[in-house]
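K.L.:
Quick one: the structure is below, and I'll ask about it shortly.
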Protein chains: 2
Amino acid sequence: MAEVSTILSATIESLIESKKYLTLRDIFLTMQPMDIAILLGELDESRLPLMFRLLPKELAAETFIEMDSDEQELLIRGFSDAELKEVVDELFVDDAADLVEEMPANVVKRILQSADPDKRKMINEILNYPEDSAGSIMTTEYVSLRPDMTAEDAIKRLRRTGVDKETIYTCYVTDNNRKLVGYVTLKSLIMAEDETEITDIMGTDIISVTTTDDQEEVANTLSKYDMAALPVVDKESRLVGIVTVDDAIDVMEEETTEDIEKMAAITPTDKPYLKMTPFEIWKSRIPWLMLLMVSATFTGMIISSFESALAKWVALTAFIPMLMDTGGNTGSQASVTVIRALSIGDLEFSDFLKVLWKELRVAVLCAVSLAAVSFLKIQLVDVMLLGNKGITVTVNLVVCLTLAFTIICAKLVGCSLPLVAKRLGFDPAVMASPFITTIVDALSLLIYFQVASMLLGL
Amino acid sequence: MAEVSTILSATIESLIESKKYLTLRDIFLTMQPMDIAILLGELDESRLPLMFRLLPKELAAETFIEMDSDEQELLIRGFSDAELKEVVDELFVDDAADLVEEMPANVVKRILQSADPDKRKMINEILNYPEDSAGSIMTTEYVSLRPDMTAEDAIKRLRRTGVDKETIYTCYVTDNNRKLVGYVTLKSLIMAEDETEITDIMGTDIISVTTTDDQEEVANTLSKYDMAALPVVDKESRLVGIVTVDDAIDVMEEETTEDIEKMAAITPTDKPYLKMTPFEIWKSRIPWLMLLMVSATFTGMIISSFESALAKWVALTAFIPMLMDTGGNTGSQASVTVIRALSIGDLEFSDFLKVLWKELRVAVLCAVSLAAVSFLKIQLVDVMLLGNKGITVTVNLVVCLTLAFTIICAKLVGCSLPLVAKRLGFDPAVMASPFITTIVDALSLLIYFQVASMLLGL
């Protein structure tokens with residue numbers, strides 16, 4: 001893939017040099033809008049407007065919407081008012097709303113001025129919904145039918161108005177008050193006799209979301225029921241828009257990336273990695289690093305308060321990293337499993353006790369097997385092979401008992417915190433590895449010195 | 001949601017008690033197959049076959065495919081041959097193939113016997129493709145048209161054969177040798193004049209995958225081009241099947257869960273968390289825990305070899321957890337960012353130097369800011385507030401210099417390993433937090449004792 005696109009870029013560059021614009025246009029005509037956008041994005045910025053003008057109107061709009069926002073801004077700043085109007089006219093309302101959200105104020109003004117009044121109104125409506133809500137990602141360009149229409153009427157209507165709709169494959173049936181009463185697929189319209197009434201073929205088992213529902217819920221619902229589009233209704237169950245599956249996929253990808261970033265103690269951003277400056281990356285990473293570093297003061301204090309004991313039993317120090325890491329790893333496994341299950345809807349807070357009981361049993365299995373292996377390993381490798389005289393059998397026992405207790409605590413903390421966070425309305429994803437590690441570190445040290453006091457009489 | 005479903009379960013239970021089967025059937029008729037499957041899954045197993053038989057044929061098949069595999073097995077074992085045939089007849093080929101893959105051998109035999117010969121052949125074809133390949137997730141029930149058909153002919157054909165096809169919204173145009181030459185959407189068929197030839201309205205900018213392509217690539221392609229279905233061709237570019245968007249979404253969800261599990265040092269499984277026994281969970285988690293625990297031997301050895309120095313400068317021990325954790329966290333941030341960017345196609349190995357240079361600059365920013373804050377914090381909190389006399393300014397300097405160097409190493413290791421893994425054909429997701437932490441732990445200790453030797457003359 002990469003090699004082919006490099007060859008193509010070189011071809012394009014030399015065609016531009018030799019001003020073979022018609023050839024270029026012919027090449028673009030064979031390509032998908034997404035690929036044209038990627039290709040144009042790799043060109044020198046100064047060539048962008050000229051290349052873009054080679055595209056026919058509809059393809060130009062489709063390509064435009066796939067571009068990065070800085071390239072879109074560059075193009076808009078170079079557009080005449082007429083050119084801008086042509087592009088905006090071709091955009092679906094939800095894409096236009098996305099565009100408006102990403103542009104600086106003076107560009108937004110020009111875009112809204114170039115949209116016709118109807119479209120401007122629809123864009124503004126979408127912009128008024130809270131960020132990440134169903135309303136903010138829906139489109140208002142759907143097909144609505146009346147229950148008393150015949151299949152033939154409906155298809156005629158589709159032929160007349162369908163060009164401007166984002167999907168015609170699911171049509172929505174509304175009553176006189178714009179209330180959603182059913183849906184009908186184009187498939188059933190095609191299969192039906194011409195004179196069949198919509199009311200006889202429409203489905204009434206409606207799955208819908210309201211404008212203020214979270215976009216993640218919208219995507220999960222669409223995926224759960226394998227739907228191609230999901231109707232969005234207002235508080236009076238009047239149909240106001242639809243979310244199509246392609247937008248839902250984008251939402252899923254975006255939300256997953258956010259979850260993964262939060263799990264790695266990164267503040268999520270919308271920008272792709274390669275587009276971010278080092279300073280922006282630093283800003284997204286430093287807050288959690290700072291917080292976690294400062295909170296490590298506690299582990300330091302615990303160790304300090306056992307300084308004299310550690311000076312006496314120097315061998316104990318060598319096992320601190322192993323105990324902390326294993327505790328951290330076991331805890332993360334539990335927390336990450338629970339976080340993912342929560343986000344794909346496999347778990348809810350009401351499963352709390354079930355999860356706790358399951359993790360307790362897993363923890364005991366892990367504790368016993370890891371402690372046994374660790375005991376043998378220390379005896380065979382550290383004592384016999386490496387000849388470390390400081391490690392008595394009692395010291396080894398202290399280490400392995402600590403390991404076992406730490407693992408049990410870590411699993412229980414790891415599985416509980418995300419569920420509790422969810423219950424309290426926080427994002428469970430924050431309760432992942434780095435956070436759990438910090439807590440488990442302190443716990444493991446406390447257990448270590450407690451067990452050591454008892455067995456070694458510190 | 002949870003509360004409503006509990007109420008509904010109770011209603012269903014009492015309707016079963018009082019044998020109001022017609023009422024039950026009416027309730028099921030208002031519901032989505034997925035919801036019926038969830039509801040039936042919550043019932044006592046002994047009630048399942050009876051309830052399932054209440055569903056009309058098509059709804060029964062649609063519900064069946066949404067059930068968990070153990071419930072499906074239970075039902076099949078109770079089915080008469082005629083009943084089994086009814087369900088299998090209604091299943092799409094790709095769903096039937098999925099079913100066959102999950103059932104034990106004797107059940108598989110019965111399923112294949114009850115399928116008609118054509119369907120059996122198609123199921124077997126799909127089963128022959130490698131696991132997780134495009135071939136294994138495709139369906140062979142697509143609509144194919146000829147280039148010289150008219151729009152009217154095509155729609156007539158759809159009306160006749162469309163019922164059994166998984167989607168009729170994108171139809172594929174093939175030549176006499178079954179080679180894929182174009183595609184046409186139902187939308188363009190509907191919009192076209194009756195006598196227009198397919199060849200004049202079909203799109204020829206075909207995006208397709210081959211049968212052996214990885215399912216993740218299939219899902220990414222579908223999502224990138226916002227397609228509702230993606231054609232699958234064999235090595236001679238003959239059309240053999242299609243992958244629809246709903247299956248692609250399932251693949252995306254499955255692959256993401258796998259990535260997240262691998263990042264948390266868990267061996268991925270297909271089973272939902274609540275369905276797994278503690279022993280199965282233990283099996284998926286213990287290998288990495290064991291490996292990481294044993295590899296911590298190195299950190300132990302490093303500490304052991306500096307035992308006498310640590311006994312002299314006891315204050316140094318207290319900062320080991322902070323240094324290790326901060327190193328681990330900064331490293332994970334870099335590795336997770338790169339892993340995610342690789343998996344959504346934002347990065348490739350060819351970006352290696354770009355990534356390294358970016359991370360180096362981020363690392364310097366992080367190193368300087370964290371080291372400075374750490375120096376101040378230690379001076380103000382540990383020395384002045386907590387009165388730890390062991391921490392001289394030189395000790396503090398050792399800690400902060402180590403912190404800075406560790407952060408730079410951790411970021412560079414964190415961003416490189418996933419890219420290198422990708423290049424070598426391993427899964428980058430394995431190079432996440434636990435793995436990076438183990439390496440960075442050893443690195444940070446080596447740096448620590450090196451810096452301490454130089455500044456404190458150990």
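Following the order of the structure tokens, first chain is A, next is B, and so on, with residues numbered from 1 inside each chain and ligands from 1 in the order they appear.
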Identify, on the basis of only C-alpha atoms, every residue whose closest approach to stretch 260-271 of chain A does not exceed 6 Å; exclude the query and any residue fewer than 3 positions from it along the same chain; express the result as a list in words.

P.N.:
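Answer for this query is Thr257, Ser284, Arg285, Trp288, Ala429, Val430 and Ala432 of chain A; Gln333 of chain B.
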
K.L.:
Contacts of A:Phe349 at 12 Å or less, counting only C-alpha atoms, minus same-chain residues fewer than 3 places along, as a PyMOL selection string?

P.N.:
(chain A and resi 338-339+341-343+345-346+352-356+415-425+428) or (chain B and resi 2)

K.L.:
Pick out the residues sitting within 9 Å of stretch 358-367 of chain A, and hand them over as a list in words; count only C-alpha atoms, and ignore anything fewer than 6 positions along from it in its own chain.

P.N.:
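Listing them by chain and then by number gives Thr330, Ala334, Leu401, Leu403, Ala404, Phe405, Thr406, Ile407, Ile408, Cys409, Ala410, Lys411, Leu412 and Cys415 of chain A; Leu274, Thr277, Pro278, Phe279, Glu280, Ile281, Trp282, Arg285, Ile286 and Leu289 of chain B.
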
K.L.:
Env of B:Met227: 10 Å cut, atoms = only C-alpha atoms, seq-sep filter 3 positions within chain, self excluded. Answer as a list in words.

P.N.:
Val245 and Asp246 of chain A; Thr170, Ile207, Thr221, Leu222, Ser223, Lys224, Leu230, Thr244 and Val245 of chain B

K.L.:
Going by DSSP on the backbone, which residues of stretch 388-432 of chain B come out as helix (DSSP H, G or I)? List them as a ChimeraX atom specification.

P.N.:
/B:393-423,428-431

K.L.:
I need the chosen residues saved as a CSV table (one decimal), in the first residue's frame, with N, CA and C atoms.

P.N.:
```csv
chain,number,residue,atom,x,y,z
B,393,VAL,N,21.2,17.5,49.2
B,393,VAL,CA,20.9,18.1,47.9
B,393,VAL,C,21.5,17.1,46.8
B,394,THR,N,22.6,16.5,47.1
B,394,THR,CA,23.2,15.6,46.1
B,394,THR,C,22.3,14.4,45.9
B,395,VAL,N,21.8,13.8,46.9
B,395,VAL,CA,20.9,12.7,46.8
B,395,VAL,C,19.7,13.1,45.9
B,396,ASN,N,19.1,14.3,46.2
B,396,ASN,CA,18.0,14.8,45.4
B,396,ASN,C,18.4,14.9,44.0
B,397,LEU,N,19.6,15.5,43.7
B,397,LEU,CA,20.1,15.6,42.4
B,397,LEU,C,20.2,14.3,41.7
B,398,VAL,N,20.7,13.3,42.4
B,398,VAL,CA,20.8,11.9,41.8
B,398,VAL,C,19.4,11.4,41.4
B,399,VAL,N,18.4,11.6,42.3
B,399,VAL,CA,17.1,11.2,41.9
B,399,VAL,C,16.5,11.9,40.7
B,400,CYS,N,16.7,13.2,40.7
B,400,CYS,CA,16.1,13.9,39.6
B,400,CYS,C,16.8,13.7,38.2
B,401,LEU,N,18.1,13.6,38.3
B,401,LEU,CA,18.8,13.3,37.0
B,401,LEU,C,18.4,11.9,36.5
B,402,THR,N,18.3,10.9,37.4
B,402,THR,CA,17.8,9.6,37.1
B,402,THR,C,16.5,9.6,36.4
B,403,LEU,N,15.6,10.4,37.1
B,403,LEU,CA,14.2,10.6,36.6
B,403,LEU,C,14.3,11.0,35.1
B,404,ALA,N,15.0,12.1,34.9
B,404,ALA,CA,15.1,12.7,33.5
B,404,ALA,C,15.6,11.7,32.5
B,405,PHE,N,16.7,11.0,32.8
B,405,PHE,CA,17.3,10.0,31.9
B,405,PHE,C,16.3,8.8,31.7
B,406,THR,N,15.7,8.4,32.8
B,406,THR,CA,14.8,7.3,32.7
B,406,THR,C,13.6,7.6,31.7
B,407,ILE,N,13.1,8.8,31.9
B,407,ILE,CA,11.9,9.2,31.1
B,407,ILE,C,12.3,9.2,29.6
B,408,ILE,N,13.5,9.7,29.3
B,408,ILE,CA,13.9,9.8,27.9
B,408,ILE,C,14.0,8.3,27.3
B,409,CYS,N,14.7,7.5,28.1
B,409,CYS,CA,14.9,6.1,27.6
B,409,CYS,C,13.5,5.4,27.5
B,410,ALA,N,12.6,5.6,28.5
B,410,ALA,CA,11.3,4.9,28.5
B,410,ALA,C,10.5,5.3,27.3
B,411,LYS,N,10.5,6.6,26.9
B,411,LYS,CA,9.7,7.1,25.8
B,411,LYS,C,10.3,6.5,24.5
B,412,LEU,N,11.6,6.4,24.4
B,412,LEU,CA,12.2,5.9,23.1
B,412,LEU,C,11.9,4.4,23.0
B,413,VAL,N,12.1,3.7,24.1
B,413,VAL,CA,11.8,2.2,24.1
B,413,VAL,C,10.3,2.0,23.8
B,414,GLY,N,9.5,2.8,24.5
B,414,GLY,CA,8.0,2.6,24.4
B,414,GLY,C,7.5,2.8,23.0
B,415,CYS,N,8.1,3.8,22.3
B,415,CYS,CA,7.6,4.1,20.9
B,415,CYS,C,8.2,3.1,19.9
B,416,SER,N,9.4,2.7,20.2
B,416,SER,CA,10.1,1.8,19.2
B,416,SER,C,9.6,0.4,19.1
B,417,LEU,N,9.5,-0.2,20.3
B,417,LEU,CA,9.2,-1.6,20.3
B,417,LEU,C,7.9,-2.0,19.5
B,418,PRO,N,6.8,-1.3,19.7
B,418,PRO,CA,5.6,-1.7,18.9
B,418,PRO,C,5.9,-1.6,17.4
B,419,LEU,N,6.6,-0.6,16.9
B,419,LEU,CA,6.9,-0.5,15.5
B,419,LEU,C,7.8,-1.6,15.0
B,420,VAL,N,8.8,-1.9,15.8
B,420,VAL,CA,9.7,-3.0,15.5
B,420,VAL,C,8.9,-4.3,15.4
B,421,ALA,N,8.1,-4.6,16.4
B,421,ALA,CA,7.3,-5.8,16.5
B,421,ALA,C,6.4,-5.9,15.2
B,422,LYS,N,5.8,-4.8,14.8
B,422,LYS,CA,5.0,-4.8,13.6
B,422,LYS,C,5.8,-5.2,12.4
B,423,ARG,N,7.0,-4.6,12.3
B,423,ARG,CA,7.9,-4.9,11.2
B,423,ARG,C,8.3,-6.3,11.1
B,428,PRO,N,1.9,-5.9,17.6
B,428,PRO,CA,2.4,-4.7,18.4
B,428,PRO,C,1.8,-4.6,19.8
B,429,ALA,N,0.5,-5.1,19.9
B,429,ALA,CA,-0.2,-4.9,21.2
B,429,ALA,C,0.4,-5.5,22.4
B,430,VAL,N,1.3,-6.5,22.1
B,430,VAL,CA,1.9,-7.2,23.2
B,430,VAL,C,3.0,-6.3,23.8
B,431,MET,N,3.5,-5.3,23.0
B,431,MET,CA,4.5,-4.5,23.5
B,431,MET,C,4.0,-3.3,24.4
```

K.L.:
Which residue is closest to chain A? Choose from B:Tyr172, B:Phe28, B:Tyr129, B:Tyr21 and count only C-alpha atoms.

P.N.:
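Smallest distance to chain A is found for B:Phe28.
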
K.L.:
Do you have the atom CA of B:Asp351-atom CA of B:Thr337 distance handy?

P.N.:
13.7 Å

K.L.:
Give me, please, the distance in Å between atom CA of A:Arg340 and atom CA of A:Ala248, quoted to one decimal.

P.N.:
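These atoms are spaced 18.4 Å apart.
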
K.L.:
Leaving out B:Ile16 and any residue of its chain fewer than 5 positions from it, which residues lie within 12 Å of it when counting only C-alpha atoms, given as a PyMOL selection string?

P.N.:
chain B and resi 9-11+21-25+43-44+46-48+50-51+54

K.L.:
Once you have the residues from the selection above, write them out as a JSON list (two decimals), in the first residue's frame, restricted to N, CA and C atoms.

P.N.:
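So the final result, stored in part39.json, reads:
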```json
[["chain", "number", "residue", "atom", "x", "y", "z"],
["B", 9, "SER", "N", -38.70, -9.86, 32.78],
["B", 9, "SER", "CA", -38.42, -11.26, 33.12],
["B", 9, "SER", "C", -39.46, -11.82, 34.06],
["B", 10, "ALA", "N", -39.81, -11.03, 35.08],
["B", 10, "ALA", "CA", -40.79, -11.48, 36.07],
["B", 10, "ALA", "C", -42.14, -11.72, 35.40],
["B", 11, "THR", "N", -42.53, -10.77, 34.52],
["B", 11, "THR", "CA", -43.80, -10.93, 33.79],
["B", 11, "THR", "C", -43.80, -12.23, 33.00],
["B", 21, "TYR", "N", -49.57, -18.93, 26.78],
["B", 21, "TYR", "CA", -48.61, -18.96, 25.69],
["B", 21, "TYR", "C", -48.93, -17.97, 24.58],
["B", 22, "LEU", "N", -50.23, -17.77, 24.30],
["B", 22, "LEU", "CA", -50.57, -16.84, 23.23],
["B", 22, "LEU", "C", -50.16, -15.43, 23.59],
["B", 23, "THR", "N", -50.35, -15.08, 24.87],
["B", 23, "THR", "CA", -49.93, -13.75, 25.33],
["B", 23, "THR", "C", -48.41, -13.62, 25.19],
["B", 24, "LEU", "N", -47.72, -14.67, 25.58],
["B", 24, "LEU", "CA", -46.26, -14.65, 25.45],
["B", 24, "LEU", "C", -45.83, -14.43, 24.00],
["B", 25, "ARG", "N", -46.49, -15.17, 23.11],
["B", 25, "ARG", "CA", -46.17, -15.03, 21.70],
["B", 25, "ARG", "C", -46.39, -13.59, 21.23],
["B", 43, "LEU", "N", -33.87, -17.01, 31.22],
["B", 43, "LEU", "CA", -34.84, -17.98, 31.75],
["B", 43, "LEU", "C", -34.14, -19.24, 32.22],
["B", 44, "ASP", "N", -34.86, -20.01, 33.00],
["B", 44, "ASP", "CA", -34.37, -21.34, 33.37],
["B", 44, "ASP", "C", -34.22, -22.17, 32.09],
["B", 46, "SER", "N", -34.68, -25.16, 31.28],
["B", 46, "SER", "CA", -35.72, -26.13, 30.94],
["B", 46, "SER", "C", -36.87, -25.47, 30.17],
["B", 47, "ARG", "N", -37.03, -24.15, 30.38],
["B", 47, "ARG", "CA", -38.13, -23.45, 29.70],
["B", 47, "ARG", "C", -37.76, -23.06, 28.26],
["B", 48, "LEU", "N", -36.47, -23.05, 27.95],
["B", 48, "LEU", "CA", -35.99, -22.49, 26.69],
["B", 48, "LEU", "C", -36.65, -23.10, 25.46],
["B", 50, "LEU", "N", -39.46, -24.70, 24.96],
["B", 50, "LEU", "CA", -40.88, -24.37, 24.86],
["B", 50, "LEU", "C", -41.07, -22.93, 24.37],
["B", 51, "MET", "N", -40.34, -22.01, 25.01],
["B", 51, "MET", "CA", -40.47, -20.60, 24.63],
["B", 51, "MET", "C", -40.05, -20.39, 23.19],
["B", 54, "LEU", "N", -42.55, -21.01, 20.50],
["B", 54, "LEU", "CA", -43.64, -20.04, 20.36],
["B", 54, "LEU", "C", -43.38, -19.06, 19.21]]
```

K.L.:
Set the distance at 10 Å and use only C-alpha atoms: which residues neighbour stretch 69-73 of chain A once local chain neighbours fewer than 6 positions away are removed? I'd like the list as a PyMOL selection string.

P.N.:
chain A and resi 37+40-41+45+48-49+79+99+102-104+107-108+271
